[in-house]
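Read through the structure below, which is laid out as structure tokens, and then see the notes.
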Amino acid sequence: MKVVIIGFGSIGQRHCKNLLDKSNAEIYLCTKHNIKNFKNNKRIQNLHSLEKCLKNQPEIGFVCNTSNLHVQTAIKLAKNNCHILIEKPLSNSLKNITALLSLVEKNKLVTLMGFNLRFHPCLIKVKQLLAKNKIGRVIYVDAENGSYLPDWHPEEDYRKSYSSRNALGGGAVLTCLHEIDYLYWLFGDVKEVSTIAGKFSDLEIDSEDLASISLRFKNNIIAHVHLNFFQRPAERSCKIVGTKGTLFCDFNKNTVSLYELNKKKWKEIMNLKNYNINDMYVDEIKQLLKCIKTQKKSVNDINQGIKTLKIALAIQKSAKSRKTVNV
């Protein structure tokens, strides 16, 4: 199996390591990054350009470069019949999305969006509990993801990261799109959004570092999503309130709790004390390889990536216009 990885920041390196550990892949890198931790591995070649990589006829491409380059990179891969994992977000605009989708469908390619939280056992448990109607009809959701951007990759200058730069598709909305994606996964299509977002902290960035988002889903569920780049200590959680109880998922502690109305107390449903977050990324790769082998759609293909992107762009439009925007 031949794989090309385009972009070799933290996520590209993670995928590379997991492919080395969990598969027999020959890996071609397209990056200007220093690959000192991998350069002595005989299964890796850094060819620096995508054109050189494609001459080796890779079967799979991992799109891990900056968000503004995702679609044009994926189009080149699709033209060469590569199955594709695209890191989130799909893009920072809808430009050339239709062309990419047409190529994917024409060449019958498997695609997977890099929303790793869909593989988190706690979120999977939440989805199962909702399917079993454990809290009745869902009315309201409160999701939060706040952390300190310079802590993400301490060895790097956060001011140079794509997350900090609007032109590269950064900012809290697109960088922290996992929350929007998993809410779409749990509750379906969004009808309208209302947002306050902007640069509020002292971080030296030109993208928004805070987004306070209200979503109305087509099934009339209301969700509030809070995203920021400056919170210490970090917090990531989701509270789901229904007619018969409440679910609370803490992603930092890896726990899921259920408040049962009839007993008037919380019950811990899941507690993964020694959970390794890398397992999500390993399961992501397993899903991709399985779908390629069985020629089936993945759990989060490009069509879902387009839907999530459209929600994100509506959020950005709402913040700019200071109005409620239909999705």
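Residue names in the structure tokens use chain letters A, B, ... in the order shown, residue numbers from 1 in each chain, and ligand numbers from 1 in the order shown.
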
Members of segment 163-296 of chain A assigned helix (DSSP H, G or I) by DSSP, as a PyMOL selection string | chain A and resi 163-164+166-168+172-175+178-187+278-294

Write the residues of the preceding selection, restricted to N, CA and C atoms, as a compact mmCIF listing (two decimals), in the first residue's frame.
```txt
# COMPACT_ATOMS: atom_id res chain seq x y z
N SER A 163 -3.84 28.15 12.50
CA SER A 163 -4.98 28.47 13.36
C SER A 163 -5.07 29.97 13.67
N SER A 164 -3.94 30.63 13.68
CA SER A 164 -3.89 32.04 14.06
C SER A 164 -4.08 32.99 12.89
N ASN A 166 -6.17 34.14 9.43
CA ASN A 166 -7.40 34.08 8.63
C ASN A 166 -7.14 33.61 7.21
N ALA A 167 -6.08 34.09 6.61
CA ALA A 167 -5.79 33.79 5.20
C ALA A 167 -5.59 32.29 4.97
N LEU A 168 -5.15 31.58 6.00
CA LEU A 168 -4.89 30.14 5.87
C LEU A 168 -6.09 29.28 6.28
N ALA A 172 -11.20 30.39 15.42
CA ALA A 172 -11.86 29.45 16.32
C ALA A 172 -12.95 28.63 15.62
N VAL A 173 -13.69 29.24 14.71
CA VAL A 173 -14.81 28.54 14.07
C VAL A 173 -14.33 27.36 13.24
N LEU A 174 -13.38 27.59 12.33
CA LEU A 174 -12.92 26.52 11.44
C LEU A 174 -11.95 25.57 12.14
N THR A 175 -11.08 26.11 12.99
CA THR A 175 -10.10 25.27 13.67
C THR A 175 -10.77 24.34 14.68
N HIS A 178 -14.81 20.67 15.21
CA HIS A 178 -15.23 19.36 15.72
C HIS A 178 -16.58 19.45 16.42
N GLU A 179 -16.77 20.51 17.20
CA GLU A 179 -18.03 20.64 17.95
C GLU A 179 -19.23 20.73 17.02
N ILE A 180 -19.10 21.54 15.98
CA ILE A 180 -20.18 21.68 14.99
C ILE A 180 -20.42 20.35 14.30
N ASP A 181 -19.35 19.65 13.95
CA ASP A 181 -19.48 18.37 13.26
C ASP A 181 -20.19 17.33 14.12
N TYR A 182 -19.79 17.20 15.39
CA TYR A 182 -20.42 16.14 16.17
C TYR A 182 -21.87 16.48 16.51
N LEU A 183 -22.20 17.77 16.63
CA LEU A 183 -23.60 18.14 16.86
C LEU A 183 -24.43 17.83 15.61
N TYR A 184 -23.88 18.09 14.44
CA TYR A 184 -24.56 17.71 13.19
C TYR A 184 -24.74 16.19 13.13
N TRP A 185 -23.71 15.44 13.56
CA TRP A 185 -23.77 13.98 13.57
C TRP A 185 -24.86 13.48 14.52
N LEU A 186 -24.99 14.13 15.66
CA LEU A 186 -25.98 13.69 16.65
C LEU A 186 -27.40 14.13 16.33
N PHE A 187 -27.55 15.35 15.78
CA PHE A 187 -28.89 15.95 15.70
C PHE A 187 -29.35 16.33 14.31
N ASN A 278 -4.81 8.95 21.18
CA ASN A 278 -4.34 8.52 19.86
C ASN A 278 -5.20 7.40 19.29
N ASP A 279 -5.91 6.69 20.15
CA ASP A 279 -6.78 5.60 19.69
C ASP A 279 -7.83 6.10 18.70
N MET A 280 -8.29 7.34 18.89
CA MET A 280 -9.27 7.92 17.96
C MET A 280 -8.69 7.97 16.55
N TYR A 281 -7.46 8.39 16.45
CA TYR A 281 -6.82 8.56 15.15
C TYR A 281 -6.50 7.20 14.51
N VAL A 282 -6.15 6.24 15.33
CA VAL A 282 -5.92 4.88 14.83
C VAL A 282 -7.23 4.31 14.28
N ASP A 283 -8.32 4.49 15.03
CA ASP A 283 -9.63 4.00 14.58
C ASP A 283 -10.07 4.70 13.30
N GLU A 284 -9.70 5.96 13.17
CA GLU A 284 -10.00 6.73 11.97
C GLU A 284 -9.35 6.09 10.75
N ILE A 285 -8.07 5.74 10.88
CA ILE A 285 -7.35 5.11 9.78
C ILE A 285 -7.94 3.72 9.49
N LYS A 286 -8.28 2.98 10.53
CA LYS A 286 -8.89 1.66 10.34
C LYS A 286 -10.19 1.78 9.55
N GLN A 287 -10.98 2.80 9.88
CA GLN A 287 -12.23 3.03 9.17
C GLN A 287 -11.97 3.29 7.69
N LEU A 288 -10.98 4.14 7.40
CA LEU A 288 -10.65 4.46 6.01
C LEU A 288 -10.23 3.21 5.24
N LEU A 289 -9.32 2.44 5.82
CA LEU A 289 -8.82 1.24 5.14
C LEU A 289 -9.92 0.20 4.95
N LYS A 290 -10.78 0.07 5.93
CA LYS A 290 -11.90 -0.89 5.83
C LYS A 290 -12.85 -0.49 4.70
N CYS A 291 -13.16 0.79 4.61
CA CYS A 291 -14.09 1.27 3.59
C CYS A 291 -13.49 1.14 2.19
N ILE A 292 -12.17 1.34 2.07
CA ILE A 292 -11.52 1.14 0.79
C ILE A 292 -11.59 -0.33 0.37
N LYS A 293 -11.36 -1.20 1.34
CA LYS A 293 -11.38 -2.65 1.06
C LYS A 293 -12.77 -3.14 0.69
N THR A 294 -13.80 -2.61 1.35
CA THR A 294 -15.18 -3.07 1.12
C THR A 294 -15.93 -2.21 0.13
```

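Closest approach to Lys134 of chain A from the set A:Asn40, A:Ser298, A:Ser67, A:Asn262 is made by A:Asn262, with distances taken over only C-alpha atoms.
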
Coordinates-based distance that separates atom CA of Leu100 of chain A from atom CA of Ala78 of chain A (Å, one decimal) | 7.4 Å

Leaving out Gly61 of chain A and any residue of its chain fewer than 4 positions from it, which residues lie within 7 Å of it when counting only C-alpha atoms, given as number ranges by chain?
-> A: 3-5, 77, 82-85

Selection near Ala223 of chain A, 6 Å with only C-alpha atoms, sequence-local residues under 5 positions removed, as a PDB file with all heavy atoms, in the first residue's frame:
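Saved as result_24.pdb:
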```
ATOM      1  N   TYR A 140     -32.334  21.045  24.406  1.00  0.00           N
ATOM      2  CA  TYR A 140     -31.253  22.037  24.424  1.00  0.00           C
ATOM      3  C   TYR A 140     -29.905  21.355  24.594  1.00  0.00           C
ATOM      4  O   TYR A 140     -29.783  20.349  25.295  1.00  0.00           O
ATOM      5  CB  TYR A 140     -31.475  23.029  25.578  1.00  0.00           C
ATOM      6  CG  TYR A 140     -30.344  23.998  25.799  1.00  0.00           C
ATOM      7  CD1 TYR A 140     -30.138  25.069  24.938  1.00  0.00           C
ATOM      8  CD2 TYR A 140     -29.452  23.831  26.857  1.00  0.00           C
ATOM      9  CE1 TYR A 140     -29.083  25.956  25.133  1.00  0.00           C
ATOM     10  CE2 TYR A 140     -28.396  24.715  27.066  1.00  0.00           C
ATOM     11  CZ  TYR A 140     -28.225  25.772  26.193  1.00  0.00           C
ATOM     12  OH  TYR A 140     -27.190  26.635  26.370  1.00  0.00           O
ATOM     13  N   VAL A 141     -28.880  21.937  23.962  1.00  0.00           N
ATOM     14  CA  VAL A 141     -27.513  21.415  24.042  1.00  0.00           C
ATOM     15  C   VAL A 141     -26.556  22.574  24.326  1.00  0.00           C
ATOM     16  O   VAL A 141     -26.708  23.664  23.778  1.00  0.00           O
ATOM     17  CB  VAL A 141     -27.092  20.732  22.726  1.00  0.00           C
ATOM     18  CG1 VAL A 141     -25.696  20.133  22.853  1.00  0.00           C
ATOM     19  CG2 VAL A 141     -28.092  19.674  22.311  1.00  0.00           C
ATOM     20  N   ASP A 142     -25.589  22.317  25.190  1.00  0.00           N
ATOM     21  CA  ASP A 142     -24.558  23.312  25.498  1.00  0.00           C
ATOM     22  C   ASP A 142     -23.198  22.652  25.306  1.00  0.00           C
ATOM     23  O   ASP A 142     -22.828  21.747  26.054  1.00  0.00           O
ATOM     24  CB  ASP A 142     -24.724  23.794  26.944  1.00  0.00           C
ATOM     25  CG  ASP A 142     -23.878  25.017  27.260  1.00  0.00           C
ATOM     26  OD1 ASP A 142     -23.183  25.497  26.349  1.00  0.00           O
ATOM     27  OD2 ASP A 142     -23.919  25.490  28.407  1.00  0.00           O
ATOM     28  N   SER A 214     -25.190  30.227  18.430  1.00  0.00           N
ATOM     29  CA  SER A 214     -26.495  29.613  18.694  1.00  0.00           C
ATOM     30  C   SER A 214     -26.962  28.923  17.415  1.00  0.00           C
ATOM     31  O   SER A 214     -26.943  29.524  16.334  1.00  0.00           O
ATOM     32  CB  SER A 214     -27.521  30.657  19.124  1.00  0.00           C
ATOM     33  OG  SER A 214     -27.183  31.200  20.385  1.00  0.00           O
ATOM     34  N   LEU A 215     -27.360  27.675  17.547  1.00  0.00           N
ATOM     35  CA  LEU A 215     -27.831  26.883  16.416  1.00  0.00           C
ATOM     36  C   LEU A 215     -29.283  26.471  16.649  1.00  0.00           C
ATOM     37  O   LEU A 215     -29.637  26.051  17.753  1.00  0.00           O
ATOM     38  CB  LEU A 215     -26.997  25.612  16.235  1.00  0.00           C
ATOM     39  CG  LEU A 215     -25.475  25.734  16.130  1.00  0.00           C
ATOM     40  CD1 LEU A 215     -24.858  24.343  16.167  1.00  0.00           C
ATOM     41  CD2 LEU A 215     -25.078  26.446  14.857  1.00  0.00           C
TER      42      LEU A 215
END
```

Residues within 12 Å of Asn68 of chain A, please, as a short mmCIF file (atom, residue, chain, number, x, y, z; two decimals) with C-alpha atoms, in the first residue's frame. Count only C-alpha atoms; anything in the same chain fewer than 6 positions from it doesn't count.
```
data_model
loop_
_atom_site.label_atom_id
_atom_site.label_comp_id
_atom_site.auth_asym_id
_atom_site.auth_seq_id
_atom_site.Cartn_x
_atom_site.Cartn_y
_atom_site.Cartn_z
CA ALA A 74 -7.74 16.89 -2.89
CA GLU A 87 -8.29 17.01 7.67
CA LYS A 88 -10.91 19.40 8.98
CA PRO A 89 -12.23 21.73 7.79
CA LEU A 90 -12.88 20.73 4.19
CA SER A 91 -11.96 24.30 3.22
CA ASN A 92 -12.47 27.93 4.20
CA SER A 93 -14.82 28.55 1.26
CA LEU A 94 -17.06 26.66 -1.18
CA LYS A 95 -14.73 27.35 -4.11
CA ASN A 96 -14.16 24.26 -6.32
CA TYR A 162 -2.52 28.24 10.44
CA SER A 163 -4.98 28.47 13.36
CA ARG A 165 -4.17 33.28 10.47
CA ASN A 166 -7.40 34.08 8.63
CA ALA A 167 -5.79 33.79 5.20
CA LEU A 168 -4.89 30.14 5.87
CA GLY A 169 -8.39 29.20 7.07
CA GLY A 170 -7.70 29.58 10.79
CA LEU A 174 -12.92 26.52 11.44
CA THR A 175 -10.10 25.27 13.67
#
```

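Between atom CA of Pro233 of chain A and atom CA of Lys273 of chain A there is a distance of 19.0 Å.
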
Can you pull out every residue within 12 Å of Leu130 of chain A, counting only C-alpha atoms, but drop anything in the same chain fewer than 3 positions away, and send it as a list in words?
->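 Once the nearby chain positions are removed, what remains is Leu123, Ile124, Lys125, Val126, Lys127, Asn133, Lys134, Ile135, Gly136, Arg137, Val138, Trp185, Leu186, Phe187, Ile240, Val241, Gly242, Thr243, Lys244, Gly245, Thr246, Leu247, Phe248 and Leu258 of chain A.
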